[in-house]
Amino acid sequence: MTLQGKNILITGASGRLGQQIIYELSKLRVKPVAQVRSGSNCTFLDSLELEKRETDLRSREALPGLMEGIDYVIHTAAIVNFRQDRFTQFAGVNTLAAVDLFNAAQEKGVKRFLHISTVAAVGGVPRTKNSEHFKCDTNLANEEFEFNLSALRIPYIMTKHAAETELFKLSENSQMELVIVNPSIVIAPSRGLNDRAQAKKMLKRLVLPDLPNRLNLVDIRDCAKGIVAALTKGRPGHRYILGGDNITARELALAASTEVGLAPHLLRLPKSFYRVTSRLAVTFGVLMGKSKISYYPDLVRLLDYDWAFSSKKARDELGYKSRSIYTSLKDLLNNKFLDTYLKPTKNNNKH
């Protein structure tokens, strides 16, 4: 499947991942259509002279116009946050808007709908007494893993999983092709472009939690390339995990400390400490009338899982490749994270 001459809509085009996907497409001499919210920073999009369609994805009436003349959709727009409150807001954007967008695309004759989900919608590998003895390449979740996080009342996970479920149902009777990708934890430079200073500030803290949980991290540059590959090569009705290395949180902290030359003060605390303090945090937040609760018992229960995943299917079918997390950290913490929309390479300054 060639992308030349196709009208590709990118939702959430002003977000970090959206802009990186657009950067990758621009290297292929493809100019997508950018969906943005009112008030979005469109400096990069404007530098490419892209067509912008300002749309509130929660407005069902606006979606047919958004889909006018579109061949393919890459739906990246979502609320990505693990806070406990505002479930209705999460559901409105992450689930209902995705369903409405799919329906609008189908009605307008869009050929392929690529939905950007998350590995959190796949599930987590339950930790056992032997978990710390697992090698990084063993006991991994893949695309066939049975979702096991329904008991956690975490709005982001609930709404992203619900979106996948509903979209798969809709696609069964649709002529439009649905492909889903599940990126893991995305490593990307901050807008301030001084991640080394931020890392130093964090590592200088009096104490950092010493967590044994495995995490899967993916470089945003590899993730964006994988998404473009999924658009052209992904099998309809399938999903693909786009991940990188599996590494423990402790190993990640030590790798970062080595790169910036600071030794972190890691402290292993029992889970009971996090359970008690999270309950106290919620109680205090309610008493103080806080509208944002970001530390709560269900979030602490994520420590009961390893977030370790396999990207074999994407490698085999999409030709997906991911660089070492240590290479990404080196680039990030030395402020040399090149080949991105924030820091394009010399050969890609103009498209």
# chains A, B, ... in the order shown; residues from 1 in each chain; ligands from 1

$ select_by_dssp --residues "range 35-265 of chain A" --states "helix (DSSP H, G or I)" --output "NGL selection string"
:A and (43-47 or 60-66 or 87-107 or 119-121 or 131-133 or 155-171 or 195-203 or 220-233 or 249-260)

$ closest_atom_pairs --of "range 282-332 of chain A" --to "range 212-223 of chain A" --cutoff "6 Å" --atoms "only C-alpha atoms" --output "JSON lines"
{"residue": "A:Asp306", "atom": "CA", "partner": "A:Arg214", "partner_atom": "CA", "distance": 4.9}
{"residue": "A:Trp307", "atom": "CA", "partner": "A:Leu215", "partner_atom": "CA", "distance": 4.7}
{"residue": "A:Ala308", "atom": "CA", "partner": "A:Asn216", "partner_atom": "CA", "distance": 5.3}
{"residue": "A:Ser322", "atom": "CA", "partner": "A:Asp222", "partner_atom": "CA", "distance": 5.5}

$ write_last_selection --atoms "N, CA and C atoms" --output "PDB file, in the first residue's frame"
ATOM      1  N   ASP A 306       3.874  -6.728  36.241  1.00  0.00           N
ATOM      2  CA  ASP A 306       5.007  -6.345  35.403  1.00  0.00           C
ATOM      3  C   ASP A 306       4.432  -5.836  34.090  1.00  0.00           C
ATOM      4  N   TRP A 307       5.027  -4.782  33.563  1.00  0.00           N
ATOM      5  CA  TRP A 307       4.561  -4.189  32.299  1.00  0.00           C
ATOM      6  C   TRP A 307       5.582  -4.547  31.231  1.00  0.00           C
ATOM      7  N   ALA A 308       5.637  -5.857  30.977  1.00  0.00           N
ATOM      8  CA  ALA A 308       6.632  -6.425  30.066  1.00  0.00           C
ATOM      9  C   ALA A 308       5.914  -7.026  28.862  1.00  0.00           C
ATOM     10  N   SER A 322      13.145  -1.479  16.959  1.00  0.00           N
ATOM     11  CA  SER A 322      13.275  -0.556  18.094  1.00  0.00           C
ATOM     12  C   SER A 322      14.713  -0.563  18.586  1.00  0.00           C
TER      13      SER A 322
END

$ atom_distance --atom1 "CA of Lys169 in chain A" --atom2 "CA of Phe309 in chain A"
24.6 Å

$ select_by_dssp --residues "range 53-300 of chain A" --states "strand (DSSP E or B)" --output "ChimeraX atom specification"
/A:53-54,72-75,112-116,125-126,141,177-183,185-187,208-209,214-219,238-242,245-248,266-267

$ residues_around --residues "Val110 in chain A" --least-positions-apart "6" --cutoff "8 Å" --atoms "only C-alpha atoms" --output "list in words"
Met67, Ile70, Asp71, Tyr72, Val73 and Met176 of chain A

$ closest_residue --among "A:Thr11, A:Ser190, A:Thr248, A:Ser47" --to "Leu332 in chain A" --atoms "only C-alpha atoms"
A:Ser190

$ closest_residue --among "A:Gln35, A:Asn334, A:Asn130, A:Thr232" --to "Thr258 in chain A" --atoms "only C-alpha atoms"
A:Asn334

$ closest_residue --among "A:Ala199, A:Val30, A:Leu66, A:Leu96" --to "Leu252 in chain A" --atoms "only C-alpha atoms"
A:Ala199

$ residues_around --residues "Glu107 in chain A" --least-positions-apart "2" --cutoff "10 Å" --atoms "only C-alpha atoms" --output "PyMOL selection string"
chain A and resi 64+67+101-105+109-110+174+176

$ atom_distance --atom1 "CA of Pro344 in chain A" --atom2 "CA of Pro32 in chain A"
18.0 Å

$ closest_residue --among "A:Glu251, A:Asp339, A:Glu172, A:Asp56" --to "Ile21 in chain A" --atoms "only C-alpha atoms"
A:Asp339

$ atom_distance --atom1 "CA of His75 in chain A" --atom2 "CA of His115 in chain A"
5.0 Å

$ residues_around --residues "range 288-303 of chain A" --least-positions-apart "5" --cutoff "8 Å" --atoms "only C-alpha atoms" --output "compact mmCIF listing (two decimals) with N, CA and C atoms, in the first residue's frame"
# COMPACT_ATOMS: atom_id res chain seq x y z
N PHE A 82 -3.12 9.31 34.40
CA PHE A 82 -3.56 8.26 35.32
C PHE A 82 -4.26 8.81 36.55
N ARG A 83 -4.77 10.03 36.47
CA ARG A 83 -5.51 10.58 37.60
C ARG A 83 -6.83 9.83 37.77
N GLN A 84 -7.39 9.90 38.96
CA GLN A 84 -8.56 9.10 39.31
C GLN A 84 -9.88 9.75 38.92
N ASP A 85 -9.93 11.06 38.97
CA ASP A 85 -11.20 11.75 38.80
C ASP A 85 -11.51 11.99 37.32
N LEU A 152 -9.38 -2.79 38.27
CA LEU A 152 -8.75 -1.51 38.60
C LEU A 152 -9.61 -0.37 38.08
N ARG A 153 -9.96 0.52 38.95
CA ARG A 153 -10.80 1.65 38.55
C ARG A 153 -9.91 2.83 38.15
N ILE A 154 -9.16 2.61 37.09
CA ILE A 154 -8.28 3.63 36.56
C ILE A 154 -8.88 4.12 35.25
N ASN A 213 9.55 -3.76 39.52
CA ASN A 213 8.65 -4.05 38.40
C ASN A 213 9.36 -3.83 37.06
N LYS A 271 4.83 -2.84 49.92
CA LYS A 271 3.62 -2.37 49.25
C LYS A 271 2.63 -1.76 50.23
N TYR A 274 2.75 1.98 50.38
CA TYR A 274 2.08 2.69 49.29
C TYR A 274 0.56 2.61 49.43
N ARG A 275 0.07 1.45 49.90
CA ARG A 275 -1.39 1.31 50.07
C ARG A 275 -1.90 2.30 51.12
N SER A 278 -1.51 6.00 49.97
CA SER A 278 -2.44 6.37 48.89
C SER A 278 -3.85 6.61 49.44
N ARG A 279 -4.24 5.80 50.43
CA ARG A 279 -5.55 6.01 51.05
C ARG A 279 -5.58 7.36 51.78
N ALA A 281 -3.79 9.93 51.05
CA ALA A 281 -3.76 10.99 50.04
C ALA A 281 -5.17 11.27 49.51
N VAL A 282 -5.95 10.21 49.28
CA VAL A 282 -7.32 10.38 48.80
C VAL A 282 -8.17 11.07 49.86

$ closest_residue --among "A:Val80, A:Ile74, A:Leu3, A:Ala151" --to "Leu28 in chain A" --atoms "only C-alpha atoms"
A:Leu3
